[in-house]
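**Student:** I'm passing along data_13.csv; it holds CSV, C-alpha atoms.
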chain,number,residue,atom,x,y,z
T,1,MET,CA,145.6,132.3,70.0
T,2,ILE,CA,142.0,132.1,69.0
T,3,SER,CA,141.6,132.8,65.3
T,4,SER,CA,138.4,134.8,65.6
T,5,ILE,CA,136.0,135.8,68.3
T,6,MET,CA,132.5,137.2,68.2
T,7,LEU,CA,131.2,139.3,71.1
T,8,VAL,CA,127.4,139.9,71.5
T,9,ASP,CA,126.8,142.6,74.1
T,10,ASP,CA,124.6,145.7,74.1
T,11,GLU,CA,127.2,147.8,75.9
T,12,ASP,CA,129.5,149.6,73.5
T,13,LEU,CA,132.1,150.5,76.1
T,14,PHE,CA,132.5,146.8,77.0
T,15,HIS,CA,133.3,146.1,73.3
T,16,LEU,CA,136.3,148.4,73.6
T,17,VAL,CA,137.4,146.8,77.0
T,18,PHE,CA,137.0,143.3,75.6
T,19,GLU,CA,138.8,144.0,72.3
T,20,ASP,CA,141.7,145.7,74.1
T,21,ALA,CA,142.0,143.0,76.8
T,22,CYS,CA,141.9,140.3,74.1
T,23,SER,CA,144.6,142.0,72.1
T,24,LEU,CA,146.8,142.7,75.2
T,25,LEU,CA,146.4,139.1,76.4
T,26,ASP,CA,147.1,137.7,73.0
T,27,ILE,CA,143.7,135.9,73.1
T,28,SER,CA,142.8,136.9,69.6
T,29,LEU,CA,143.5,139.6,67.0
T,30,SER,CA,140.2,139.2,65.2
T,31,ILE,CA,137.2,140.3,67.2
T,32,LYS,CA,133.8,141.1,65.8
T,33,SER,CA,131.5,142.9,68.3
T,34,LEU,CA,127.7,143.0,67.9
T,35,ASN,CA,125.0,144.8,69.9
T,36,SER,CA,122.1,142.6,69.3
T,37,ALA,CA,121.3,138.9,69.6
T,38,ASP,CA,119.0,139.2,66.6
T,39,GLU,CA,122.0,140.4,64.5
T,40,ALA,CA,124.1,137.5,65.7
T,41,GLU,CA,121.4,135.0,64.9
T,42,LYS,CA,121.0,136.5,61.5
T,43,GLN,CA,124.7,136.1,60.8
T,44,PHE,CA,124.9,132.5,62.0
T,45,LYS,CA,121.8,131.6,60.0
T,46,LYS,CA,123.4,133.1,56.9
T,47,TRP,CA,126.6,131.1,57.4
T,48,PHE,CA,124.7,128.0,58.2
T,49,GLU,CA,122.5,128.2,55.1
T,50,SER,CA,125.5,129.0,52.8
T,51,ASN,CA,127.7,126.5,54.6
T,52,ASP,CA,130.2,129.2,55.0
T,53,LYS,CA,132.8,128.1,57.6
T,54,THR,CA,135.5,130.7,56.8
T,55,HIS,CA,133.7,133.7,58.2
T,56,ARG,CA,132.2,131.9,61.2
T,57,PRO,CA,134.0,132.8,64.4
T,58,GLU,CA,135.9,130.2,66.4
T,59,CYS,CA,134.5,131.4,69.7
T,60,VAL,CA,131.4,133.4,70.8
T,61,PHE,CA,131.0,135.4,74.0
T,62,VAL,CA,127.3,136.3,74.7
T,63,ASP,CA,125.9,138.6,77.2
T,64,LEU,CA,123.0,137.2,79.3
T,65,ASN,CA,120.6,140.2,78.9
T,66,ILE,CA,121.0,142.0,75.6
T,67,ILE,CA,118.9,145.1,75.7
T,68,GLY,CA,117.2,145.8,72.4
T,69,SER,CA,117.1,142.1,71.4
T,70,SER,CA,114.0,139.9,71.0
T,71,PHE,CA,115.6,137.1,73.0
T,72,ASP,CA,118.3,136.7,75.6
T,73,GLY,CA,121.9,135.3,75.5
T,74,ILE,CA,120.9,131.8,76.6
T,75,GLU,CA,118.4,131.5,73.8
T,76,LEU,CA,121.0,132.7,71.3
T,77,ILE,CA,123.4,130.0,72.5
T,78,ARG,CA,120.6,127.4,72.1
T,79,LYS,CA,119.9,128.6,68.6
T,80,ILE,CA,123.6,128.6,67.6
T,81,ASN,CA,124.2,125.2,69.1
T,82,PHE,CA,121.1,123.4,68.0
T,83,GLU,CA,119.9,125.2,64.9
T,84,TYR,CA,123.0,126.5,63.2
T,85,GLY,CA,125.6,123.9,64.0
T,86,ASN,CA,127.6,123.5,67.2
T,87,ASN,CA,131.2,123.8,65.9
T,88,VAL,CA,131.9,127.0,67.9
T,89,VAL,CA,133.1,127.5,71.4
T,90,ILE,CA,130.4,129.4,73.1
T,91,GLY,CA,129.6,130.8,76.5
T,92,ILE,CA,128.2,133.6,78.6
T,93,ILE,CA,130.0,136.8,79.7
T,94,SER,CA,127.8,138.6,82.2
T,95,SER,CA,127.8,140.5,85.4
T,96,SER,CA,125.1,138.1,86.7
T,97,ASN,CA,126.0,135.2,88.9
T,98,GLU,CA,122.6,133.5,89.1
T,99,PRO,CA,122.9,129.7,89.5
T,100,THR,CA,119.5,129.1,87.9
T,101,GLU,CA,120.6,131.1,84.8
T,102,GLN,CA,123.9,129.2,84.8
T,103,ALA,CA,122.1,125.9,84.8
T,104,LYS,CA,119.9,127.1,81.9
T,105,ALA,CA,123.0,128.2,80.0
T,106,LEU,CA,124.6,124.8,80.5
T,107,GLN,CA,121.4,123.1,79.2
T,108,ALA,CA,121.5,125.4,76.1
T,109,GLY,CA,125.1,124.3,75.4
T,110,ALA,CA,127.2,127.0,77.0
T,111,GLN,CA,130.7,125.8,77.8
T,112,PHE,CA,131.8,128.6,80.1
T,113,TRP,CA,130.4,131.5,82.2
T,114,ILE,CA,132.7,134.6,82.7
T,115,ILE,CA,131.5,137.0,85.3
T,116,LYS,CA,132.0,140.6,84.2
T,117,THR,CA,133.8,142.8,86.7
T,118,ASP,CA,136.0,145.9,86.6
T,119,ASP,CA,139.0,143.7,86.3
T,120,ILE,CA,138.2,141.3,83.4
T,121,GLU,CA,141.7,140.5,82.3
T,122,PRO,CA,142.5,137.7,84.9
T,123,ARG,CA,139.3,135.9,84.0
T,124,LEU,CA,140.1,136.1,80.3
T,125,GLU,CA,143.6,135.0,80.9
T,126,GLU,CA,142.3,132.0,82.8
T,127,PHE,CA,139.9,131.3,80.0
T,128,ARG,CA,142.7,131.5,77.5
T,129,ASN,CA,144.5,128.8,79.4
T,130,ASP,CA,141.5,126.6,79.4
T,131,TYR,CA,140.5,127.3,75.8
T,132,ASP,CA,142.0,124.2,74.2
T,133,GLY,CA,139.8,122.0,76.4
T,134,TYR,CA,136.7,123.9,75.2
T,135,LYS,CA,137.9,123.6,71.6
T,136,ASN,CA,138.4,119.9,71.9
T,137,ARG,CA,135.1,119.5,73.8
T,138,THR,CA,137.0,118.0,76.7
T,139,GLY,CA,136.6,120.9,79.1
T,140,SER,CA,133.6,120.9,81.4
T,141,PHE,CA,131.4,123.9,82.1
T,142,LYS,CA,133.3,126.4,84.1
T,143,ILE,CA,132.4,129.6,85.9
T,144,TYR,CA,135.1,132.3,86.0
T,145,ARG,CA,134.6,134.4,89.1
D,1,MET,CA,152.3,138.8,55.9
D,2,ILE,CA,155.8,139.6,54.5
D,3,ILE,CA,157.0,143.0,53.3
D,4,ASN,CA,159.5,142.6,50.6
D,5,ASP,CA,160.0,146.2,49.8
D,6,ASP,CA,163.2,147.2,51.6
D,7,ASN,CA,162.7,150.9,50.8
D,8,LEU,CA,159.3,150.7,52.5
D,9,LYS,CA,160.8,149.1,55.6
D,10,LYS,CA,163.5,151.8,55.8
D,11,GLU,CA,160.9,154.5,55.3
D,12,LEU,CA,158.8,153.0,58.2
D,13,ILE,CA,161.9,152.7,60.4
D,14,THR,CA,162.9,156.4,59.6
D,15,LEU,CA,159.3,157.5,60.4
D,16,LEU,CA,159.6,155.9,63.8
D,17,ASP,CA,163.0,157.3,64.6
D,18,GLU,CA,162.5,160.8,63.4
D,19,ARG,CA,158.8,161.5,63.9
D,20,ASN,CA,157.8,158.8,66.4
D,21,ILE,CA,155.1,157.5,64.0
D,22,SER,CA,154.6,153.7,64.0
D,23,LEU,CA,152.3,151.0,62.8
D,24,GLU,CA,149.4,150.4,65.1
D,25,GLY,CA,146.8,147.7,65.7
D,26,ASN,CA,146.6,144.0,65.4
D,27,LEU,CA,147.9,144.2,61.8
D,28,VAL,CA,151.5,144.7,63.1
D,29,ARG,CA,151.4,141.3,64.7
D,30,LEU,CA,150.6,139.7,61.4
D,31,ILE,CA,153.7,141.1,59.7
D,32,ASP,CA,156.5,138.6,59.4
D,33,PRO,CA,160.0,140.3,59.5
D,34,ASN,CA,161.3,137.4,57.4
D,35,GLY,CA,164.8,137.3,59.1
D,36,ASP,CA,165.3,141.1,58.9
D,37,GLU,CA,166.6,141.8,62.4
D,38,GLU,CA,166.3,145.6,62.0
D,39,PHE,CA,162.7,145.3,60.9
D,40,GLN,CA,162.1,142.7,63.6
D,41,THR,CA,163.2,145.3,66.2
D,42,TYR,CA,161.0,147.9,64.5
D,43,LEU,CA,158.0,145.5,64.7
D,44,THR,CA,158.7,144.7,68.3
D,45,THR,CA,158.8,148.4,69.1
D,46,CYS,CA,155.5,149.0,67.2
D,47,ILE,CA,153.9,146.1,69.1
D,48,GLU,CA,155.1,147.5,72.5
D,49,LYS,CA,153.9,150.9,71.6
D,50,ASP,CA,150.6,149.5,70.5
D,51,LYS,CA,150.3,147.6,73.8
D,52,GLU,CA,151.0,150.7,75.8
D,53,VAL,CA,148.3,152.6,73.9
D,54,ARG,CA,145.9,149.8,74.3
D,55,LYS,CA,146.6,149.6,78.1
D,56,ARG,CA,146.0,153.3,78.5
D,57,ARG,CA,142.9,153.1,76.4
D,58,LEU,CA,141.7,150.1,78.4
D,59,GLU,CA,142.2,151.9,81.7
D,60,ILE,CA,140.4,155.0,80.3
D,61,THR,CA,137.6,152.9,78.9
D,62,LYS,CA,137.2,151.1,82.3
D,63,GLN,CA,137.1,154.5,84.1
D,64,VAL,CA,134.4,155.7,81.6
D,65,GLN,CA,132.6,152.4,82.1
D,66,ASN,CA,132.7,152.9,85.9
D,67,GLN,CA,131.6,156.5,85.6
D,68,ASN,CA,128.8,155.3,83.3
D,69,LYS,CA,127.8,152.8,86.0
D,70,GLU,CA,127.8,155.5,88.6
D,71,LEU,CA,125.8,157.8,86.3
D,72,THR,CA,123.4,155.0,85.7
D,73,ILE,CA,122.9,154.5,89.4
D,74,LEU,CA,122.5,158.2,89.9
D,75,ASN,CA,120.1,158.3,87.0
D,76,ASP,CA,118.1,155.5,88.6
D,77,GLU,CA,118.1,157.4,91.9
D,78,ASN,CA,117.0,160.6,90.0
D,79,VAL,CA,114.3,158.6,88.3
D,80,LYS,CA,113.2,157.3,91.7
D,81,ILE,CA,113.2,160.8,93.2
D,82,MET,CA,111.4,162.1,90.1
D,83,GLN,CA,108.7,159.4,90.6
D,84,GLU,CA,108.5,160.3,94.3
D,85,LEU,CA,108.2,163.9,93.4
D,86,GLN,CA,105.6,163.2,90.7
D,87,GLN,CA,103.7,161.1,93.3
D,88,THR,CA,104.0,163.9,95.8
D,89,LEU,CA,102.9,166.4,93.2
D,90,LYS,CA,99.9,164.2,92.3
D,91,ASP,CA,99.0,163.9,96.0
D,92,MET,CA,99.3,167.7,96.3
D,93,GLU,CA,97.2,168.1,93.2
D,94,ASP,CA,94.6,165.7,94.7
D,95,SER,CA,94.7,167.7,98.0
D,96,LYS,CA,94.4,170.9,96.1
D,97,ASN,CA,91.4,169.6,94.2
D,98,HIS,CA,89.9,168.4,97.4
D,99,ILE,CA,90.5,171.8,99.1
D,100,GLU,CA,89.1,173.5,96.0
D,101,LEU,CA,86.0,171.3,96.2
D,102,GLN,CA,85.7,172.1,99.9
D,103,ASN,CA,86.2,175.8,99.1
D,104,ARG,CA,83.5,175.7,96.5
D,105,GLU,CA,81.2,174.0,99.0
D,106,LEU,CA,82.1,176.7,101.6
D,107,ILE,CA,81.5,179.4,99.1
D,108,ALA,CA,78.1,177.9,98.2
D,109,TRP,CA,77.4,177.6,101.9
D,110,LYS,CA,78.5,181.2,102.5
D,111,GLN,CA,76.3,182.4,99.6
D,112,ASP,CA,73.4,180.5,101.1
D,113,ASN,CA,74.1,182.1,104.4
D,114,GLU,CA,74.4,185.5,102.8
D,115,ARG,CA,71.1,185.0,101.0
D,116,MET,CA,69.5,183.8,104.2
D,117,SER,CA,71.0,186.7,106.1
D,118,LEU,CA,69.6,189.1,103.4
D,119,GLU,CA,66.2,187.4,103.6
D,120,LEU,CA,66.4,187.5,107.4
D,121,ARG,CA,67.3,191.2,107.3
D,122,ASP,CA,64.5,191.9,104.9
D,123,GLU,CA,62.2,190.0,107.2
D,124,MET,CA,63.6,192.0,110.2
D,125,ILE,CA,63.0,195.2,108.3
D,126,LYS,CA,59.5,194.1,107.5
D,127,SER,CA,59.0,193.1,111.1
D,128,GLU,CA,60.4,196.4,112.3
D,129,ASN,CA,58.2,198.2,109.9
D,130,ALA,CA,55.3,196.2,111.1
D,131,ARG,CA,56.2,197.0,114.7
D,132,ILE,CA,56.5,200.7,113.8
D,133,SER,CA,53.2,200.5,112.0
D,134,ALA,CA,51.7,198.8,115.0
D,135,GLU,CA,53.2,201.4,117.4
D,136,ASN,CA,51.9,204.1,115.1
D,137,ALA,CA,48.5,202.5,115.0
D,138,LYS,CA,48.6,202.1,118.8
D,139,LYS,CA,49.7,205.7,119.2
D,140,SER,CA,47.1,206.8,116.8
D,141,ALA,CA,44.5,204.8,118.7
D,142,GLU,CA,45.8,206.2,122.0
D,143,ASP,CA,45.7,209.7,120.5
D,144,ASP,CA,42.2,209.0,119.2
D,145,LEU,CA,41.1,207.7,122.6
D,146,ASP,CA,42.8,210.6,124.4
D,147,LEU,CA,41.1,213.0,122.0
D,148,LEU,CA,37.8,211.2,122.6
D,149,GLN,CA,38.3,211.3,126.4
D,150,LYS,CA,39.3,215.0,126.2
D,151,LYS,CA,36.3,215.7,124.0
D,152,THR,CA,34.1,213.8,126.4
D,153,GLN,CA,35.7,215.7,129.3
D,154,THR,CA,35.3,218.9,127.5
D,155,GLU,CA,31.7,218.2,126.7
D,156,LEU,CA,31.1,217.1,130.4
D,157,ILE,CA,32.9,220.2,131.7
D,158,GLY,CA,30.9,222.3,129.2
D,159,ARG,CA,27.7,220.8,130.4
D,160,ILE,CA,28.7,221.2,134.0
D,161,VAL,CA,29.7,224.8,133.3
D,162,LYS,CA,26.5,225.4,131.4
D,163,VAL,CA,24.4,223.8,134.2
D,164,ALA,CA,26.3,225.7,136.8
D,165,LEU,CA,26.0,228.9,134.9
D,166,TYR,CA,22.3,228.2,134.3
D,167,VAL,CA,21.9,227.5,138.0
D,168,ILE,CA,23.9,230.7,138.9
D,169,ILE,CA,22.0,232.7,136.3
D,170,GLY,CA,18.7,231.2,137.4
D,171,VAL,CA,19.4,231.8,141.1
D,172,GLY,CA,20.6,235.3,140.3
D,173,ILE,CA,17.6,236.0,138.1
D,174,SER,CA,15.1,234.6,140.6
D,175,THR,CA,16.7,236.4,143.6
D,176,THR,CA,16.9,239.6,141.6
D,177,LEU,CA,13.2,239.3,140.6
D,178,MET,CA,12.3,238.7,144.2
D,179,TYR,CA,14.3,241.7,145.2
D,180,ILE,CA,12.7,243.9,142.5
D,181,PHE,CA,9.3,242.6,143.4
D,182,SER,CA,9.9,243.4,147.1
D,183,MET,CA,11.1,246.9,146.2
D,184,LEU,CA,8.1,247.5,143.9
D,185,THR,CA,5.6,246.2,146.4
D,186,GLY,CA,7.1,248.2,149.2
D,187,LYS,CA,7.8,245.3,151.3
D,188,ASP,CA,10.7,245.0,153.6
D,189,THR,CA,13.9,244.5,151.5
D,190,GLN,CA,16.3,244.4,154.3
D,191,MET,CA,16.5,240.6,154.3
D,192,ILE,CA,16.1,240.1,150.6
D,193,GLY,CA,18.7,242.8,149.9
D,194,SER,CA,21.2,241.2,152.1
D,195,THR,CA,20.3,237.8,150.7
D,196,TRP,CA,20.6,239.0,147.1
D,197,SER,CA,23.9,240.7,147.9
D,198,ASN,CA,25.3,237.7,149.7
D,199,MET,CA,23.8,235.3,147.1
D,200,PHE,CA,25.1,237.3,144.2
D,201,GLY,CA,28.6,237.5,145.8
D,202,ILE,CA,28.6,233.8,146.5
D,203,LEU,CA,27.4,233.0,143.0
D,204,LEU,CA,30.0,235.1,141.3
D,205,THR,CA,32.6,233.7,143.5
D,206,ASN,CA,31.5,230.1,142.8
D,207,ALA,CA,31.2,230.9,139.1
D,208,PHE,CA,34.8,232.2,138.9
D,209,SER,CA,35.9,229.3,141.1
D,210,ILE,CA,34.3,226.8,138.7
D,211,ILE,CA,35.9,228.5,135.7
D,212,GLY,CA,39.3,228.6,137.5
D,213,THR,CA,39.0,224.9,138.3
D,214,ILE,CA,38.1,224.1,134.7
D,215,MET,CA,41.0,226.1,133.4
D,216,GLY,CA,43.4,224.4,135.9
D,217,VAL,CA,42.3,220.9,134.9
D,218,LYS,CA,42.7,221.8,131.2
D,219,TYR,CA,46.2,223.2,131.8
D,220,ALA,CA,47.2,220.1,133.8
D,221,SER,CA,45.9,217.8,131.1
D,222,GLU,CA,48.0,219.6,128.4
D,223,LYS,CA,51.2,219.4,130.6
D,224,LYS,CA,50.7,215.7,131.1
D,225,ASP,CA,50.4,215.0,127.3
D,226,GLU,CA,53.7,216.8,126.7
How does this structure look as structure tokens?

**Tutor:**
Amino acid sequence: MISSIMLVDDEDLFHLVFEDACSLLDISLSIKSLNSADEAEKQFKKWFESNDKTHRPECVFVDLNIIGSSFDGIELIRKINFEYGNNVVIGIISSSNEPTEQAKALQAGAQFWIIKTDDIEPRLEEFRNDYDGYKNRTGSFKIYR
Amino acid sequence: MIINDDNLKKELITLLDERNISLEGNLVRLIDPNGDEEFQTYLTTCIEKDKEVRKRRLEITKQVQNQNKELTILNDENVKIMQELQQTLKDMEDSKNHIELQNRELIAWKQDNERMSLELRDEMIKSENARISAENAKKSAEDDLDLLQKKTQTELIGRIVKVALYVIIGVGISTTLMYIFSMLTGKDTQMIGSTWSNMFGILLTNAFSIIGTIMGVKYASEKKDE
């Protein structure tokens, strides 16, 4: 089980879906959901500057287009990976399936891309099974369709 | 996390049995039964109940999410329709403004036409007045001419009558004087008497004839004027 997860998505209802699905699938019991990429960046910056590793999540799920934020999910991944340390498992969770965006996400350091659909549980279950590979940095970039 | 208070454990188990109230949320999974089988069963029941609740909530959340998506699509369609309506409204407003402009031009044109009609009517009235004045002048001139002609005719007739009367009177007087002279000188009056008588009768007859002719001409002239 993942010790803690951060979800960055502008859709509040998806927060509930994601939290319940993670709990039911025993993915994680500790989930922090944020609506804004700016807020997430602020948190990571704070943890990085204070060298706080206890509060930092183990895994981060980022939406591609986060309405109300000054930058998109790929930019947030780039910032977390290259500016505030790359010790987290991080990837995109989005309804988009654009190969160009997926390529950009990979360049920014994303390890996975989960496509949001009505039935998210099978993808999260598959992700859970692959998680150790991401954590050990042995798993390659994967798209969960 | 371990709960060491046995009374608390019993109280929690009693709450579940009697009132169906159990611990909920991810916290339950962090509690260690620490070998207590009864409490282990209780925690398993709580976790199962929590999972059931989460499943139901997940389904409902998904339904709401789908409804939200449908509402978003409907909203987008509504926005599109509203934009189309606004565009149509704008087009109509433009058409209305165009028609109003045309109306204003037509009204101005109509006013010009009315003004011109009034001017034309005034001119026609003036023309009619001028025509009436001309006709009156013509009639007056004709009347004057007629009057002048009548006057001339009357004067001519008067002269003719006078001349005729002078001739008649002169012939009458001269014949009468010759007849008187014959009677006074004792000459034969047979011829002169008959001549006087005949002459006088002829003269009187001619005189009345002339007067009658004059009166007839005058009467005919008056009838023609009427």

**Student:** Near chain D, which residues of chain T fall within 9 Å when you count all atoms listed in the file, and what do they look like as a list in words?

**Tutor:** Leu13, Phe14, Leu16, Val17, Phe18, Asp20, Ala21, Ser23, Leu24, Leu29, Ser30, Asp118 and Asp119 of chain T

**Student:** Point out the residue among T:Lys45, T:Arg137, T:Arg145, T:His15 with the least atom-to-atom distance to Ile114 of chain T, counting all atoms listed in the file.

**Tutor:**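 Of all the options, T:Arg145 lies closest to Ile114 of chain T.
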
**Student:** For atom CA of Ile66 of chain T and atom CA of Glu11 of chain T, determine how far apart the two atoms are, in Å to one decimal place.

**Tutor:**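 Interatomic distance here is 8.5 Å.
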
**Student:** Of the residues T:Leu34, T:Asp26, T:Thr54, T:Val60, which is the one nearest to Asp12 of chain T, using only C-alpha atoms?

**Tutor:**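 Ranking T:Leu34, T:Asp26, T:Thr54, T:Val60 by distance to Asp12 of chain T, first place goes to T:Leu34.
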
**Student:** To one decimal in Å, tell me the separation between atom CA of Gly68 of chain T and atom CA of Gln86 of chain D.

**Tutor:**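 Computed distance, atom CA of Gly68 of chain T to atom CA of Gln86 of chain D, equals 27.8 Å.
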
**Student:** With 12 Å as the threshold, what does the neighbourhood of (144.0, 129.2, 75.9) contain in terms of residues, counting all atoms listed in the file? Coordinates are those of the file; answer as a list in words.

**Tutor:**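 Residues lying no farther than 12 Å from the given point: Met1, Ile2, Ser3, Cys22, Leu25, Asp26, Ile27, Ser28, Cys59, Val89, Arg123, Leu124, Glu125, Glu126, Phe127, Arg128, Asn129, Asp130, Tyr131, Asp132, Gly133, Tyr134, Lys135, Asn136 and Gly139 of chain T.
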
**Student:** Which residue gives the smallest distance to Leu12 of chain D among D:Asn136, D:Leu43, D:Gly35, D:Glu77, with all atoms listed in the file counted?

**Tutor:**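 With all atoms listed in the file as the atom set, the closest residue is D:Leu43.
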
**Student:** Please indicate the distance in Å from atom CA of Ile67 of chain T to atom CA of Lys42 of chain T, rounded to one decimal place.

**Tutor:** 16.7 Å

**Student:** I'd like the contact shell of His55 of chain T - 12 Å cut-off, only C-alpha atoms, skipping same-chain residues fewer than 5 positions apart - returned as an NGL selection string.

**Tutor:** :T and (3-6 or 30-32 or 43-44 or 46-48 or 50 or 88)

**Student:** Could you take the residues named above and write them with C-alpha atoms, as a tab-separated table (two decimals), in the frame of the given file?

**Tutor:**
chain	number	residue	atom	x	y	z
T	3	SER	CA	141.60	132.80	65.30
T	4	SER	CA	138.40	134.80	65.60
T	5	ILE	CA	136.00	135.80	68.30
T	6	MET	CA	132.50	137.20	68.20
T	30	SER	CA	140.20	139.20	65.20
T	31	ILE	CA	137.20	140.30	67.20
T	32	LYS	CA	133.80	141.10	65.80
T	43	GLN	CA	124.70	136.10	60.80
T	44	PHE	CA	124.90	132.50	62.00
T	46	LYS	CA	123.40	133.10	56.90
T	47	TRP	CA	126.60	131.10	57.40
T	48	PHE	CA	124.70	128.00	58.20
T	50	SER	CA	125.50	129.00	52.80
T	88	VAL	CA	131.90	127.00	67.90

**Student:** Just want the 10 Å neighbourhood of segment 192-201 of chain D, counted on all atoms listed in the file, with same-chain residues fewer than 2 positions away dropped. Output as a count of residues only.

**Tutor:** 23

**Student:** Since the input lacks atoms, please generate N, CA and C atoms for segment 81-92 of chain T and provide them as a tab-separated table (two decimals), keeping the file's coordinate frame.

**Tutor:**
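For reference, out24.tsv as written:
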chain	number	residue	atom	x	y	z
T	81	ASN	N	123.82	126.58	68.89
T	81	ASN	CA	124.20	125.20	69.10
T	81	ASN	C	123.30	124.18	68.40
T	82	PHE	N	121.99	124.40	68.48
T	82	PHE	CA	121.10	123.40	68.00
T	82	PHE	C	120.42	123.65	66.66
T	83	GLU	N	120.52	124.89	66.18
T	83	GLU	CA	119.90	125.20	64.90
T	83	GLU	C	120.91	125.48	63.80
T	84	TYR	N	122.04	126.07	64.20
T	84	TYR	CA	123.00	126.50	63.20
T	84	TYR	C	124.36	125.80	63.34
T	85	GLY	N	124.37	124.61	63.89
T	85	GLY	CA	125.60	123.90	64.00
T	85	GLY	C	126.32	124.22	65.34
T	86	ASN	N	127.03	123.26	65.89
T	86	ASN	CA	127.60	123.50	67.20
T	86	ASN	C	129.16	123.39	67.14
T	87	ASN	N	129.73	123.92	66.10
T	87	ASN	CA	131.20	123.80	65.90
T	87	ASN	C	131.93	125.02	66.56
T	88	VAL	N	131.24	125.83	67.29
T	88	VAL	CA	131.90	127.00	67.90
T	88	VAL	C	132.01	126.79	69.40
T	89	VAL	N	133.06	127.40	69.96
T	89	VAL	CA	133.10	127.50	71.40
T	89	VAL	C	132.28	128.63	71.85
T	90	ILE	N	131.34	128.38	72.72
T	90	ILE	CA	130.40	129.40	73.10
T	90	ILE	C	130.10	129.48	74.55
T	91	GLY	N	129.93	130.67	75.06
T	91	GLY	CA	129.60	130.80	76.50
T	91	GLY	C	129.09	132.19	76.82
T	92	ILE	N	128.81	132.37	78.10
T	92	ILE	CA	128.20	133.60	78.60
T	92	ILE	C	129.27	134.52	79.18
